[in-house]
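Below is the file my_file10.pdb, which contains PDB, C-alpha atoms.
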MODEL        1
ATOM      1  CA  MET N1431    -115.062-115.377-121.753  1.00  0.00           C
ATOM      2  CA  THR N1432    -111.626-115.105-120.141  1.00  0.00           C
ATOM      3  CA  THR N1433    -110.350-118.152-122.005  1.00  0.00           C
ATOM      4  CA  GLN N1434    -111.670-116.850-125.325  1.00  0.00           C
ATOM      5  CA  LEU N1435    -110.037-113.472-124.770  1.00  0.00           C
ATOM      6  CA  SER N1436    -106.740-115.112-123.882  1.00  0.00           C
ATOM      7  CA  ILE N1437    -106.696-117.224-127.042  1.00  0.00           C
ATOM      8  CA  MET N1438    -107.658-114.385-129.374  1.00  0.00           C
ATOM      9  CA  ILE N1439    -105.198-111.888-127.875  1.00  0.00           C
ATOM     10  CA  GLU N1440    -102.437-114.523-127.998  1.00  0.00           C
ATOM     11  CA  THR N1441    -103.082-114.965-131.737  1.00  0.00           C
ATOM     12  CA  GLY N1442    -102.813-111.221-132.346  1.00  0.00           C
ATOM     13  CA  VAL N1443    -106.466-110.174-132.385  1.00  0.00           C
ATOM     14  CA  PRO N1444    -106.934-106.638-131.001  1.00  0.00           C
ATOM     15  CA  LEU N1445    -108.724-106.499-127.662  1.00  0.00           C
ATOM     16  CA  ALA N1446    -111.709-104.517-128.985  1.00  0.00           C
ATOM     17  CA  SER N1447    -112.153-106.960-131.872  1.00  0.00           C
ATOM     18  CA  ALA N1448    -111.900-109.918-129.514  1.00  0.00           C
ATOM     19  CA  LEU N1449    -114.610-108.424-127.307  1.00  0.00           C
ATOM     20  CA  GLU N1450    -116.802-107.783-130.355  1.00  0.00           C
ATOM     21  CA  SER N1451    -116.440-111.423-131.392  1.00  0.00           C
ATOM     22  CA  ILE N1452    -117.490-112.621-127.946  1.00  0.00           C
ATOM     23  CA  ILE N1453    -120.445-110.197-127.922  1.00  0.00           C
ATOM     24  CA  GLU N1454    -121.738-111.700-131.176  1.00  0.00           C
ATOM     25  CA  GLN N1455    -121.730-115.174-129.614  1.00  0.00           C
ATOM     26  CA  GLU N1456    -123.123-114.240-126.191  1.00  0.00           C
ATOM     27  CA  THR N1457    -126.825-114.937-125.574  1.00  0.00           C
ATOM     28  CA  ASN N1458    -127.103-113.601-122.009  1.00  0.00           C
ATOM     29  CA  ALA N1459    -128.474-110.050-122.218  1.00  0.00           C
ATOM     30  CA  THR N1460    -126.768-108.831-119.044  1.00  0.00           C
ATOM     31  CA  LEU N1461    -123.388-110.201-120.040  1.00  0.00           C
ATOM     32  CA  ARG N1462    -123.782-108.782-123.565  1.00  0.00           C
ATOM     33  CA  TRP N1463    -124.398-105.332-122.060  1.00  0.00           C
ATOM     34  CA  THR N1464    -121.317-105.683-119.861  1.00  0.00           C
ATOM     35  CA  LEU N1465    -119.154-106.782-122.792  1.00  0.00           C
ATOM     36  CA  LYS N1466    -120.373-103.844-124.885  1.00  0.00           C
ATOM     37  CA  ASN N1467    -119.486-101.503-122.030  1.00  0.00           C
ATOM     38  CA  LEU N1468    -115.999-103.056-121.835  1.00  0.00           C
ATOM     39  CA  LYS N1469    -115.547-102.701-125.590  1.00  0.00           C
ATOM     40  CA  ALA N1470    -116.676 -99.052-125.521  1.00  0.00           C
ATOM     41  CA  GLY N1471    -114.179 -98.298-122.763  1.00  0.00           C
ATOM     42  CA  VAL N1472    -111.311 -99.962-124.616  1.00  0.00           C
ATOM     43  CA  GLU N1473    -112.180 -98.139-127.843  1.00  0.00           C
ATOM     44  CA  ALA N1474    -112.260 -94.864-125.883  1.00  0.00           C
ATOM     45  CA  GLY N1475    -108.635 -95.460-124.901  1.00  0.00           C
ATOM     46  CA  GLU N1476    -109.178 -96.668-121.332  1.00  0.00           C
ATOM     47  CA  ASP N1477    -107.088 -99.435-119.831  1.00  0.00           C
ATOM     48  CA  PHE N1478    -108.844-102.792-119.881  1.00  0.00           C
ATOM     49  CA  SER N1479    -108.404-103.083-116.118  1.00  0.00           C
ATOM     50  CA  ALA N1480    -110.161 -99.734-115.620  1.00  0.00           C
ATOM     51  CA  THR N1481    -113.182-100.868-117.613  1.00  0.00           C
ATOM     52  CA  LEU N1482    -113.271-104.156-115.700  1.00  0.00           C
ATOM     53  CA  ALA N1483    -113.204-102.281-112.374  1.00  0.00           C
ATOM     54  CA  ARG N1484    -116.569-100.704-113.227  1.00  0.00           C
ATOM     55  CA  HIS N1485    -118.201-104.129-112.925  1.00  0.00           C
ATOM     56  CA  PRO N1486    -117.156-105.449-109.485  1.00  0.00           C
ATOM     57  CA  LYS N1487    -119.986-107.996-109.375  1.00  0.00           C
ATOM     58  CA  LEU N1488    -118.461-109.830-112.337  1.00  0.00           C
ATOM     59  CA  PHE N1489    -114.774-109.006-111.939  1.00  0.00           C
ATOM     60  CA  ASP N1490    -113.436-108.940-108.390  1.00  0.00           C
ATOM     61  CA  THR N1491    -110.478-106.893-107.185  1.00  0.00           C
ATOM     62  CA  THR N1492    -108.040-109.761-107.709  1.00  0.00           C
ATOM     63  CA  TYR N1493    -109.130-110.191-111.338  1.00  0.00           C
ATOM     64  CA  VAL N1494    -108.757-106.448-111.960  1.00  0.00           C
ATOM     65  CA  SER N1495    -105.402-106.238-110.165  1.00  0.00           C
ATOM     66  CA  LEU N1496    -103.931-109.132-112.137  1.00  0.00           C
ATOM     67  CA  VAL N1497    -105.085-107.629-115.434  1.00  0.00           C
ATOM     68  CA  ARG N1498    -103.679-104.228-114.428  1.00  0.00           C
ATOM     69  CA  ALA N1499    -100.307-105.787-113.541  1.00  0.00           C
ATOM     70  CA  SER N1500    -100.196-107.720-116.822  1.00  0.00           C
ATOM     71  CA  GLU N1501    -100.943-104.566-118.811  1.00  0.00           C
ATOM     72  CA  SER N1502     -97.838-102.937-117.365  1.00  0.00           C
ATOM     73  CA  THR N1503     -95.703-105.961-118.289  1.00  0.00           C
ATOM     74  CA  GLY N1504     -97.284-106.678-121.689  1.00  0.00           C
ATOM     75  CA  THR N1505     -98.426-110.184-120.721  1.00  0.00           C
ATOM     76  CA  LEU N1506    -102.219-109.777-120.868  1.00  0.00           C
ATOM     77  CA  ALA N1507    -102.831-112.978-122.856  1.00  0.00           C
ATOM     78  CA  VAL N1508    -100.732-115.087-120.487  1.00  0.00           C
ATOM     79  CA  MET N1509    -102.382-113.566-117.423  1.00  0.00           C
ATOM     80  CA  LEU N1510    -105.892-114.088-118.795  1.00  0.00           C
ATOM     81  CA  ASP N1511    -105.041-117.729-119.408  1.00  0.00           C
ATOM     82  CA  ARG N1512    -103.834-118.077-115.814  1.00  0.00           C
ATOM     83  CA  ILE N1513    -106.964-116.367-114.497  1.00  0.00           C
ATOM     84  CA  ALA N1514    -109.175-118.648-116.588  1.00  0.00           C
ATOM     85  CA  THR N1515    -107.398-121.715-115.199  1.00  0.00           C
ATOM     86  CA  TYR N1516    -107.785-120.408-111.646  1.00  0.00           C
ATOM     87  CA  LEU N1517    -111.505-119.692-112.119  1.00  0.00           C
ATOM     88  CA  ARG N1518    -112.118-123.083-113.702  1.00  0.00           C
ATOM     89  CA  LYS N1519    -110.391-124.905-110.859  1.00  0.00           C
ATOM     90  CA  GLY N1520    -112.359-122.863-108.335  1.00  0.00           C
ATOM     91  CA  LEU N1521    -115.662-123.822-109.970  1.00  0.00           C
ATOM     92  CA  GLU N1522    -114.661-127.485-110.086  1.00  0.00           C
ATOM     93  CA  LEU N1523    -113.677-127.414-106.413  1.00  0.00           C
ATOM     94  CA  ARG N1524    -116.954-125.793-105.360  1.00  0.00           C
ATOM     95  CA  ALA N1525    -118.909-128.357-107.384  1.00  0.00           C
ATOM     96  CA  LYS N1526    -117.027-131.204-105.705  1.00  0.00           C
ATOM     97  CA  VAL N1527    -117.625-129.724-102.246  1.00  0.00           C
ATOM     98  CA  ARG N1528    -121.355-129.328-102.913  1.00  0.00           C
ATOM     99  CA  SER N1529    -121.564-132.871-104.233  1.00  0.00           C
ATOM    100  CA  ALA N1530    -119.660-134.242-101.235  1.00  0.00           C
ATOM    101  CA  MET N1531    -121.864-132.353 -98.762  1.00  0.00           C
ATOM    102  CA  ALA N1532    -125.183-133.238-100.407  1.00  0.00           C
ATOM    103  CA  TYR N1533    -125.314-136.892 -99.310  1.00  0.00           C
ATOM    104  CA  PRO N1534    -124.453-136.282 -95.620  1.00  0.00           C
ATOM    105  CA  ALA N1535    -126.950-133.407 -95.500  1.00  0.00           C
ATOM    106  CA  VAL N1536    -129.732-135.602 -96.898  1.00  0.00           C
ATOM    107  CA  MET N1537    -128.900-138.375 -94.437  1.00  0.00           C
ATOM    108  CA  VAL N1538    -128.933-135.955 -91.482  1.00  0.00           C
ATOM    109  CA  VAL N1539    -132.315-134.553 -92.526  1.00  0.00           C
ATOM    110  CA  MET N1540    -133.747-138.068 -92.946  1.00  0.00           C
ATOM    111  CA  ALA N1541    -132.370-139.172 -89.565  1.00  0.00           C
ATOM    112  CA  LEU N1542    -133.859-136.124 -87.842  1.00  0.00           C
ATOM    113  CA  GLY N1543    -137.177-136.696 -89.574  1.00  0.00           C
ATOM    114  CA  VAL N1544    -137.337-140.342 -88.481  1.00  0.00           C
ATOM    115  CA  THR N1545    -136.333-139.438 -84.905  1.00  0.00           C
ATOM    116  CA  ILE N1546    -138.992-136.732 -84.655  1.00  0.00           C
ATOM    117  CA  PHE N1547    -141.602-139.115 -86.074  1.00  0.00           C
ATOM    118  CA  LEU N1548    -140.722-141.802 -83.527  1.00  0.00           C
ATOM    119  CA  ILE N1549    -140.752-139.361 -80.587  1.00  0.00           C
ATOM    120  CA  THR N1550    -143.922-137.461 -81.501  1.00  0.00           C
ATOM    121  CA  TRP N1551    -146.025-140.210 -83.113  1.00  0.00           C
ATOM    122  CA  VAL N1552    -144.869-143.714 -82.192  1.00  0.00           C
ATOM    123  CA  LEU N1553    -143.729-143.264 -78.594  1.00  0.00           C
ATOM    124  CA  PRO N1554    -146.957-141.549 -77.408  1.00  0.00           C
ATOM    125  CA  ARG N1555    -148.862-144.702 -78.446  1.00  0.00           C
ATOM    126  CA  PHE N1556    -146.934-146.702 -75.853  1.00  0.00           C
ATOM    127  CA  THR N1557    -147.082-144.165 -73.033  1.00  0.00           C
ATOM    128  CA  PRO N1558    -150.558-145.222 -71.736  1.00  0.00           C
ATOM    129  CA  LEU N1559    -149.496-148.859 -71.824  1.00  0.00           C
ATOM    130  CA  PHE N1560    -146.431-148.176 -69.681  1.00  0.00           C
ATOM    131  CA  SER N1561    -148.509-146.117 -67.255  1.00  0.00           C
ATOM    132  CA  ARG N1562    -151.109-148.875 -66.746  1.00  0.00           C
ATOM    133  CA  LYS N1563    -148.509-151.576 -66.157  1.00  0.00           C
ATOM    134  CA  GLY N1564    -146.871-149.607 -63.379  1.00  0.00           C
ATOM    135  CA  VAL N1565    -143.477-150.886 -64.446  1.00  0.00           C
ATOM    136  CA  LYS N1566    -140.418-148.933 -63.381  1.00  0.00           C
ATOM    137  CA  LEU N1567    -138.937-147.723 -66.625  1.00  0.00           C
ATOM    138  CA  PRO N1568    -135.268-147.084 -67.407  1.00  0.00           C
ATOM    139  CA  LYS N1569    -134.171-143.474 -67.028  1.00  0.00           C
ATOM    140  CA  MET N1570    -133.553-143.115 -70.778  1.00  0.00           C
ATOM    141  CA  THR N1571    -137.089-144.267 -71.550  1.00  0.00           C
ATOM    142  CA  VAL N1572    -138.502-141.802 -69.007  1.00  0.00           C
ATOM    143  CA  VAL N1573    -136.457-139.006 -70.580  1.00  0.00           C
ATOM    144  CA  LEU N1574    -137.696-139.919 -74.057  1.00  0.00           C
ATOM    145  CA  MET N1575    -141.299-140.026 -72.870  1.00  0.00           C
ATOM    146  CA  SER N1576    -140.929-136.609 -71.258  1.00  0.00           C
ATOM    147  CA  LEU N1577    -139.364-135.256 -74.406  1.00  0.00           C
ATOM    148  CA  SER N1578    -142.180-136.750 -76.480  1.00  0.00           C
ATOM    149  CA  GLU N1579    -144.791-135.131 -74.262  1.00  0.00           C
ATOM    150  CA  SER N1580    -142.998-131.787 -74.425  1.00  0.00           C
ATOM    151  CA  MET N1581    -142.679-131.862 -78.223  1.00  0.00           C
ATOM    152  CA  THR N1582    -146.320-132.794 -78.797  1.00  0.00           C
ATOM    153  CA  GLU N1583    -147.712-130.311 -76.273  1.00  0.00           C
ATOM    154  CA  PHE N1584    -145.409-127.376 -76.947  1.00  0.00           C
ATOM    155  CA  TRP N1585    -144.609-128.031 -80.608  1.00  0.00           C
ATOM    156  CA  TYR N1586    -144.808-124.312 -81.461  1.00  0.00           C
ATOM    157  CA  LEU N1587    -142.035-123.508 -78.972  1.00  0.00           C
ATOM    158  CA  TRP N1588    -139.845-126.249 -80.423  1.00  0.00           C
ATOM    159  CA  LEU N1589    -140.547-124.947 -83.920  1.00  0.00           C
ATOM    160  CA  PHE N1590    -139.674-121.389 -82.898  1.00  0.00           C
ATOM    161  CA  GLY N1591    -136.502-122.556 -81.133  1.00  0.00           C
ATOM    162  CA  THR N1592    -135.392-124.589 -84.133  1.00  0.00           C
ATOM    163  CA  ALA N1593    -135.982-121.643 -86.472  1.00  0.00           C
ATOM    164  CA  ALA N1594    -134.008-119.376 -84.138  1.00  0.00           C
ATOM    165  CA  VAL N1595    -131.070-121.798 -83.987  1.00  0.00           C
ATOM    166  CA  VAL N1596    -131.052-122.211 -87.775  1.00  0.00           C
ATOM    167  CA  GLY N1597    -131.151-118.428 -88.172  1.00  0.00           C
ATOM    168  CA  VAL N1598    -128.220-117.915 -85.811  1.00  0.00           C
ATOM    169  CA  VAL N1599    -126.165-120.654 -87.486  1.00  0.00           C
ATOM    170  CA  PHE N1600    -126.958-119.297 -90.960  1.00  0.00           C
ATOM    171  CA  THR N1601    -126.075-115.718 -89.965  1.00  0.00           C
ATOM    172  CA  GLY N1602    -122.865-116.900 -88.313  1.00  0.00           C
ATOM    173  CA  GLY N1603    -121.984-118.833 -91.448  1.00  0.00           C
ATOM    174  CA  LEU N1604    -122.491-115.757 -93.617  1.00  0.00           C
ATOM    175  CA  ILE N1605    -120.305-113.624 -91.323  1.00  0.00           C
ATOM    176  CA  SER N1606    -117.623-116.321 -91.229  1.00  0.00           C
ATOM    177  CA  HIS N1607    -117.741-116.693 -95.011  1.00  0.00           C
ATOM    178  CA  GLY N1608    -117.423-112.929 -95.444  1.00  0.00           C
ATOM    179  CA  THR N1609    -114.421-112.836 -93.119  1.00  0.00           C
ATOM    180  CA  ARG N1610    -112.717-115.721 -94.920  1.00  0.00           C
ATOM    181  CA  THR N1611    -113.399-114.092 -98.290  1.00  0.00           C
ATOM    182  CA  ALA N1612    -111.889-110.801 -97.130  1.00  0.00           C
ATOM    183  CA  CYS N1613    -108.786-112.615 -95.860  1.00  0.00           C
ATOM    184  CA  ARG N1614    -108.415-114.471 -99.154  1.00  0.00           C
ATOM    185  CA  GLU N1615    -108.785-111.209-101.091  1.00  0.00           C
ATOM    186  CA  ARG N1616    -106.012-109.570 -99.053  1.00  0.00           C
ATOM    187  CA  SER N1617    -103.790-112.599 -99.548  1.00  0.00           C
ATOM    188  CA  LYS N1618    -104.403-112.694-103.290  1.00  0.00           C
ATOM    189  CA  ARG N1619    -103.800-108.957-103.677  1.00  0.00           C
ATOM    190  CA  SER N1620    -100.476-109.270-101.895  1.00  0.00           C
ATOM    191  CA  SER N1621     -99.371-111.937-104.382  1.00  0.00           C
ATOM    192  CA  THR N1622    -100.537-110.053-107.482  1.00  0.00           C
ATOM    193  CA  ILE N1623     -97.216-108.398-108.242  1.00  0.00           C
ATOM    194  CA  GLN N1624     -95.275-111.669-107.758  1.00  0.00           C
ATOM    195  CA  THR N1625     -97.646-113.462-110.127  1.00  0.00           C
ATOM    196  CA  ALA N1626     -97.327-110.757-112.752  1.00  0.00           C
ATOM    197  CA  ARG N1627     -93.556-110.837-112.546  1.00  0.00           C
ATOM    198  CA  ALA N1628     -93.558-114.609-112.904  1.00  0.00           C
ATOM    199  CA  THR N1629     -95.437-114.302-116.183  1.00  0.00           C
ATOM    200  CA  SER N1630     -93.309-111.524-117.607  1.00  0.00           C
ATOM    201  CA  PRO N1631     -90.649-112.578-120.199  1.00  0.00           C
TER     202      PRO N1631
ENDMDL
END
This entry written out as structure tokens:
Amino acid sequence: MTTQLSIMIETGVPLASALESIIEQETNATLRWTLKNLKAGVEAGEDFSATLARHPKLFDTTYVSLVRASESTGTLAVMLDRIATYLRKGLELRAKVRSAMAYPAVMVVMALGVTIFLITWVLPRFTPLFSRKGVKLPKMTVVLMSLSESMTEFWYLWLFGTAAVVGVVFTGGLISHGTRTACRERSKRSSTIQTARATSP
């Protein structure tokens, strides 16, 4: 949408008409409603940035601030093009990160699964044999046998503990992500004016 708006405004199409053109092509009902709301605001004489600010889930504060700055300098088309490039690069980066993390995550899950299978299913089959032989076992083997016995006998405690650890890690990740996002937002807002000035003729 941002790219389309940039191109049409650059070629001289009025903002309301550009939004109407995008509405006609949009198939997502929610996005169509949002675009109609934006168009109604523009036709009512509101600043485009003000209408965008009413939809924070789709247009964050940085997006709105950059549009507002470009409106004051008359460089809306240029700024929209820059925003579109930034958003596209962000999506590409996130896709690459997800792709890069997928393989290690799968391997870790498989390794854990195999380890748990060996400890809880295979190793217990050998425990009676070791006990009958009366052989002095290496410390590591004794530790593994004790761990195997604990996991098979108290599996519900291990399951609860694992769920608790995953919950703590997940919650910590969300808090950390929120903090990083807030820091990035403050950083981007502080550079909004400089970016707008750089695009002004």
Give the padded box for region 1522-1539 of chain N as lines of an AutoDock Vina configuration file: axis-aligned, covering all atoms listed in the file, 3 Å on each side, centre and edge lengths in Å to one decimal.
center_x = -123.0
center_y = -132.1
center_z = -100.8
size_x = 24.6
size_y = 18.6
size_z = 24.6
One decimal place gives the CA of Val1595 (chain N)-CA of Trp1551 (chain N) separation as 23.7 Å
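Here the PyMOL selection byres ((chain N and resi 1437) around 12) captures the residues Met1431, Thr1432, Thr1433, Gln1434, Leu1435, Ser1436, Met1438, Ile1439, Glu1440, Thr1441, Gly1442, Val1443, Pro1444, Leu1445, Ala1448, Leu1449, Ile1452, Leu1506, Ala1507, Val1508, Met1509, Leu1510, Asp1511, Arg1512 and Ala1514 of chain N.
Computed from the coordinates, the CA of Ala1459 (chain N) to CA of Val1472 (chain N) distance equals 20.1 Å.
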Translate the PyMOL selection byres ((chain N and resi 1577) around 12), as applied to the file shown, into an explicit residue set as a PyMOL selection string.
chain N and resi 1545-1546+1548-1550+1553-1554+1557+1570-1576+1578-1585+1588
Taken to one decimal, the CA of Arg1518 (chain N)-CA of Ser1451 (chain N) distance is 21.6 Å
